[in-house]
Each structure stands twice: as structure tokens, then as C-alpha cells.
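**Q** Okay, handing you the structure first.
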Amino acid sequence: MASRNYLILFILIYIAPNTFSQRNYSNSSSKIIVRGTSNLHNWNLLTNKSKVNMVMTIDSGQLKSIQYLSIEIPVKSLKSSEGKVMDNNTYKSLNAEKFPNIVYKLEKVNRVTKNGDKYILSTIGTLSIAGVTKKIKITAMVVIKSDGTIDFKVQKKIKMSYFNLKLPSSLLGWIKTGDELYIMFDLIVKQT
């Protein structure tokens, strides 16, 4: 009888929590690229800095749901392929002094679909840029790796005008940026 009780206790303490549990995750690494256009050339912004907090449910190594997700990107960590002038125009357009972070917060996961070793997440959340918060739909591709880290990839087009942003320009307005941005986000999270 005592050995049966020890077996039940062992299962409850060591096995059950690992088969179905909510777990906290934070970013291990990130790469965010923002691509845009101008009447002169295409341009890129890049950062490897973000702060991610996430709570997910994993059942027997399978992603079941995400209960919480918050991502903060420091505006001044974004660096342009065109140098400091473009950086400063970007920071001014994003009102970086007053709103130092771009913030995404998950509101709802509409669907989790498994496709081979990948999961496709259909989500709705809020994106806050320069003090303007808007709802946004995002589809993410997720892979649970053998080392326990989880890779999220997102590609999304947005318009600066959707966030009431003044389109950056330079040389007395001679060079003007296009309204559409293409955002690529590659985030690797690990359990905390």
C-alpha cells in the first residue's frame, strides 16, 4: 500500500505537471525587421532588442494555447540601413521621447492549427505605436524545438496612416516614405 502511495505521489509531483501545464516564457533572442519604401529607395529598420512575457499551455509537448503575450520593442533600438538621419526621422515620427516603446498585447487566440511540426496561430491583439493603440490580426508560425525553446515567426503588413503617423521625410520633403510597412518578427522564447 505504501509503495502505491509513493507511486501516486511521484506521478503527481513529477509527471503530471509536465504533461499539461501553463508555463511562463520570456525571450531568448529576437530579430525584428521593418521594411519600407520611399520615392528614392527601399529601406530597413532592424533591432534585436525586445522584452517578451508569455504564458502558454503545453500538453505532452504539444502547444494547446497562449493565455498571455506582451511584447515591448524600444523605439530607439531600431536602426536603419540608411544611417543616423533616417534613425532620427524614425524616432521623431514615432514620438520616441514621449512613447519609448512599441507594444503588442495579445487579446485572443482564435485558432491553433498543427501542420507537421509547425503550429499556425490566428490571433487578435492590440498594437500601440506612438501613443495610438489599434486592434490587429496576426498569424504566427510556431515551432517547438527539441531543446525546449519555441520559435515564433510573424510577417505582417501595416500602414503608418492606420496609427496616425506622420510619414517621415527628409531633404525639405524631397524624399518621402511610403505608407506601407512590412514587419518580420523572429522570436525565440524559453521557459522561465
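Labels for the C-alpha cells follow display order: chains A, B, ..., residues from 1 in each chain, ligands from 1.
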With 12 Å as the cut-off and only C-alpha atoms counted, what is the closest atom pair between each nearby residue of range 47-76 of chain A and range 132-145 of chain A? Distances in Å to one decimal, ordered by chain and number, as CSV.
**A**
```
residue,atom,partner,partner_atom,distance
A:Met56,CA,A:Ile144,CA,11.9
A:Ile58,CA,A:Ile144,CA,10.0
A:Ser60,CA,A:Ile144,CA,11.7
A:Gly61,CA,A:Ile144,CA,8.0
A:Gln62,CA,A:Ile144,CA,8.0
A:Leu63,CA,A:Ile144,CA,7.9
A:Lys64,CA,A:Val142,CA,11.6
A:Ser65,CA,A:Val142,CA,11.6
A:Ile66,CA,A:Val142,CA,11.5
```
**Q** Taking into account only C-alpha atoms, which residue in the set A:Lys105, A:Lys176, A:Lys98, A:Lys84 is nearest to Lys51 in chain A?
**A**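 Looking only at the distances to Lys51 in chain A, the closest residue turns out to be A:Lys105.
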**Q** Counting only C-alpha atoms, which residues of range 39-84 of chain A fall within 6 Å of range 100-103 of chain A, and what is the closest atom pair for each with its distance in Å at one decimal, ordered by chain and rising number, as a Markdown table?
**A**
```
| residue | atom | partner | partner_atom | distance |
| --- | --- | --- | --- | --- |
| A:Ile71 | CA | A:Val103 | CA | 5.7 |
| A:Glu72 | CA | A:Val103 | CA | 4.6 |
| A:Ile73 | CA | A:Ile102 | CA | 5.1 |
| A:Pro74 | CA | A:Asn101 | CA | 4.4 |
| A:Val75 | CA | A:Asn101 | CA | 5.3 |
```
**Q** For Asn44 in chain A, which of A:Thr57, A:Tyr68, A:Leu127, A:Lys79 is the closest residue, counting only C-alpha atoms?
**A**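 Comparing A:Thr57, A:Tyr68, A:Leu127, A:Lys79 against Asn44 in chain A, the winner is A:Lys79.
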**Q** Could you find all residues in range 27-94 of chain A that DSSP calls helix (DSSP H, G or I) from the backbone, and write them as a list in words?
**A**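 Filtering range 27-94 of chain A down to helix (DSSP H, G or I) leaves Val75, Lys76, Ser77, Lys84, Val85, Met86, Asp87, Asn88, Asn89, Thr90, Tyr91, Lys92 and Ser93 of chain A.
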**Q** Go ahead and write the residues just picked, C-alpha atoms, as a PDB file, in the first residue's frame.
**A**
```pdb
ATOM      1  CA  VAL A  75      11.835  52.542 -30.417  1.00  0.00           C
ATOM      2  CA  LYS A  76      15.408  53.813 -30.176  1.00  0.00           C
ATOM      3  CA  SER A  77      16.764  50.291 -30.625  1.00  0.00           C
ATOM      4  CA  LYS A  84      21.531  58.243 -38.406  1.00  0.00           C
ATOM      5  CA  VAL A  85      19.443  60.702 -40.419  1.00  0.00           C
ATOM      6  CA  MET A  86      16.858  58.008 -41.102  1.00  0.00           C
ATOM      7  CA  ASP A  87      17.088  56.811 -37.483  1.00  0.00           C
ATOM      8  CA  ASN A  88      16.347  60.313 -36.193  1.00  0.00           C
ATOM      9  CA  ASN A  89      13.462  60.805 -38.648  1.00  0.00           C
ATOM     10  CA  THR A  90      12.028  57.462 -37.497  1.00  0.00           C
ATOM     11  CA  TYR A  91      12.321  58.372 -33.807  1.00  0.00           C
ATOM     12  CA  LYS A  92      10.676  61.739 -34.484  1.00  0.00           C
ATOM     13  CA  SER A  93       7.824  60.146 -36.462  1.00  0.00           C
TER      14      SER A  93
END
```
**Q** Rank A:Ser81, A:Asn39, A:Ser21, A:Ser30 by their smallest atom-to-atom distance to Val154 in chain A, using only C-alpha atoms, and report the top residue only.
**A**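 Once distances to Val154 in chain A are computed over only C-alpha atoms, the minimum belongs to A:Ser30.
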**Q** Restricting the calculation to only C-alpha atoms: of A:Tyr104, A:Phe152, A:Trp43, A:Phe99, which residue gets closest to Lys190 in chain A?
**A**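 Closest residue, counting only C-alpha atoms: A:Phe152.
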**Q** For Asn24 in chain A, find every residue with an atom within 6 Å (counting only C-alpha atoms), except residues of its own chain fewer than 6 positions away, and show them as a VMD selection string.
**A** chain A and resid 54 to 55 191 to 192
**Q** For a quick check of understanding, using only C-alpha atoms, which of A:Leu94, A:Gln67, A:Lys159, A:Asp147 has the smallest distance to Asn110 in chain A?
**A**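 For Asn110 in chain A, the nearest of the given residues is A:Gln67.
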**Q** Tell me, which residues of chain A carry DSSP strand (DSSP E or B), written as a ChimeraX atom specification?
**A** /A:20-36,38,43-47,51-59,62-74,79-80,101-115,118-129,132-144,150-159,169-170,175-177,180-191
**Q** Keeping only C-alpha atoms, write those residues as a tab-separated table (two decimals), in the first residue's frame.
**A**
```tsv
chain	number	residue	atom	x	y	z
A	20	PHE	CA	-0.34	19.57	-19.03
A	21	SER	CA	0.59	22.90	-17.56
A	22	GLN	CA	0.73	26.59	-18.07
A	23	ARG	CA	4.29	27.76	-18.32
A	24	ASN	CA	5.91	31.19	-18.28
A	25	TYR	CA	8.24	32.12	-21.13
A	26	SER	CA	10.48	35.05	-21.94
A	27	ASN	CA	12.59	35.89	-24.95
A	28	SER	CA	15.88	34.17	-25.53
A	29	SER	CA	16.57	36.08	-28.75
A	30	SER	CA	14.70	38.21	-31.22
A	31	LYS	CA	15.15	39.77	-34.63
A	32	ILE	CA	12.71	42.37	-35.87
A	33	ILE	CA	12.95	43.85	-39.35
A	34	VAL	CA	10.74	46.65	-40.64
A	35	ARG	CA	10.88	47.23	-44.39
A	36	GLY	CA	9.57	50.32	-46.09
A	38	SER	CA	10.46	55.88	-50.31
A	43	TRP	CA	14.89	50.98	-46.51
A	44	ASN	CA	15.09	48.66	-43.48
A	45	LEU	CA	14.96	49.09	-39.73
A	46	LEU	CA	16.44	46.34	-37.56
A	47	THR	CA	16.55	45.54	-33.88
A	51	LYS	CA	11.03	42.29	-23.94
A	52	VAL	CA	8.63	39.36	-24.13
A	53	ASN	CA	6.41	37.87	-21.43
A	54	MET	CA	4.23	34.91	-22.29
A	55	VAL	CA	2.14	32.21	-20.63
A	56	MET	CA	1.42	29.10	-22.72
A	57	THR	CA	-0.24	25.76	-22.15
A	58	ILE	CA	1.77	22.77	-23.32
A	59	ASP	CA	0.17	19.31	-23.24
A	62	GLN	CA	2.11	19.99	-27.91
A	63	LEU	CA	1.13	23.67	-27.95
A	64	LYS	CA	-2.50	24.00	-26.87
A	65	SER	CA	-2.97	27.71	-26.17
A	66	ILE	CA	-1.41	31.01	-25.26
A	67	GLN	CA	-3.02	32.72	-22.27
A	68	TYR	CA	-0.87	35.85	-22.19
A	69	LEU	CA	1.59	37.58	-24.50
A	70	SER	CA	3.17	41.01	-24.24
A	71	ILE	CA	5.99	42.30	-26.45
A	72	GLU	CA	7.79	45.62	-25.98
A	73	ILE	CA	10.23	46.96	-28.56
A	74	PRO	CA	12.31	50.02	-27.60
A	79	LYS	CA	18.46	51.14	-36.53
A	80	SER	CA	18.17	52.00	-40.20
A	101	ASN	CA	8.22	51.53	-26.74
A	102	ILE	CA	6.15	49.85	-29.39
A	103	VAL	CA	3.86	47.44	-27.51
A	104	TYR	CA	1.88	44.42	-28.68
A	105	LYS	CA	-0.56	42.67	-26.32
A	106	LEU	CA	-2.40	39.51	-27.23
A	107	GLU	CA	-6.15	39.64	-26.67
A	108	LYS	CA	-7.28	36.33	-28.11
A	109	VAL	CA	-6.04	33.25	-29.95
A	110	ASN	CA	-8.76	32.42	-32.45
A	111	ARG	CA	-7.27	29.19	-33.70
A	112	VAL	CA	-4.30	26.87	-33.25
A	113	THR	CA	-3.68	24.59	-36.24
A	114	LYS	CA	-0.97	21.93	-36.32
A	115	ASN	CA	0.77	21.40	-39.66
A	118	LYS	CA	4.60	23.65	-37.01
A	119	TYR	CA	1.66	25.40	-35.43
A	120	ILE	CA	-0.21	28.20	-37.15
A	121	LEU	CA	-1.78	30.67	-34.70
A	122	SER	CA	-4.51	33.06	-35.73
A	123	THR	CA	-4.65	35.89	-33.18
A	124	ILE	CA	-6.11	39.27	-32.35
A	125	GLY	CA	-4.25	41.77	-30.22
A	126	THR	CA	-3.51	45.43	-29.77
A	127	LEU	CA	-0.50	47.22	-31.21
A	128	SER	CA	0.49	50.56	-29.69
A	129	ILE	CA	2.71	52.84	-31.74
A	132	VAL	CA	-2.06	55.15	-30.77
A	133	THR	CA	-3.45	51.70	-29.96
A	134	LYS	CA	-5.23	49.68	-32.63
A	135	LYS	CA	-6.56	46.14	-32.90
A	136	ILE	CA	-4.56	43.98	-35.26
A	137	LYS	CA	-4.90	40.43	-36.57
A	138	ILE	CA	-1.69	38.44	-36.68
A	139	THR	CA	-0.92	34.97	-37.96
A	140	ALA	CA	2.17	33.38	-36.42
A	141	MET	CA	4.09	30.24	-37.29
A	142	VAL	CA	5.34	28.44	-34.18
A	143	VAL	CA	7.83	25.58	-33.81
A	144	ILE	CA	8.62	23.80	-30.54
A	150	ILE	CA	9.89	27.90	-29.01
A	151	ASP	CA	10.35	29.83	-32.26
A	152	PHE	CA	7.70	32.35	-33.36
A	153	LYS	CA	7.75	33.86	-36.85
A	154	VAL	CA	5.43	36.66	-37.93
A	155	GLN	CA	5.19	38.57	-41.19
A	156	LYS	CA	2.69	41.42	-41.29
A	157	LYS	CA	1.93	44.44	-43.47
A	158	ILE	CA	0.64	47.57	-41.77
A	159	LYS	CA	0.09	51.16	-42.83
A	169	SER	CA	10.62	62.75	-44.97
A	170	SER	CA	13.98	64.42	-45.43
A	175	ILE	CA	12.49	62.25	-50.01
A	176	LYS	CA	9.19	60.83	-48.72
A	177	THR	CA	8.49	57.40	-47.29
A	180	GLU	CA	3.03	50.64	-46.11
A	181	LEU	CA	5.43	48.78	-43.82
A	182	TYR	CA	6.33	45.10	-43.93
A	183	ILE	CA	7.25	43.73	-40.49
A	184	MET	CA	9.13	40.46	-39.96
A	185	PHE	CA	9.47	39.18	-36.43
A	186	ASP	CA	11.52	36.15	-35.42
A	187	LEU	CA	11.35	35.45	-31.71
A	188	ILE	CA	12.77	32.55	-29.73
A	189	VAL	CA	11.37	32.11	-26.22
A	190	LYS	CA	12.40	29.83	-23.40
A	191	GLN	CA	10.71	28.71	-20.23
```
**Q** Of the candidates A:Met160, A:Leu78, A:Ala96, A:Ala130, which one gets nearest to Thr37 in chain A if we count only C-alpha atoms?
**A**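 Closest to Thr37 in chain A, using only C-alpha atoms: A:Met160.
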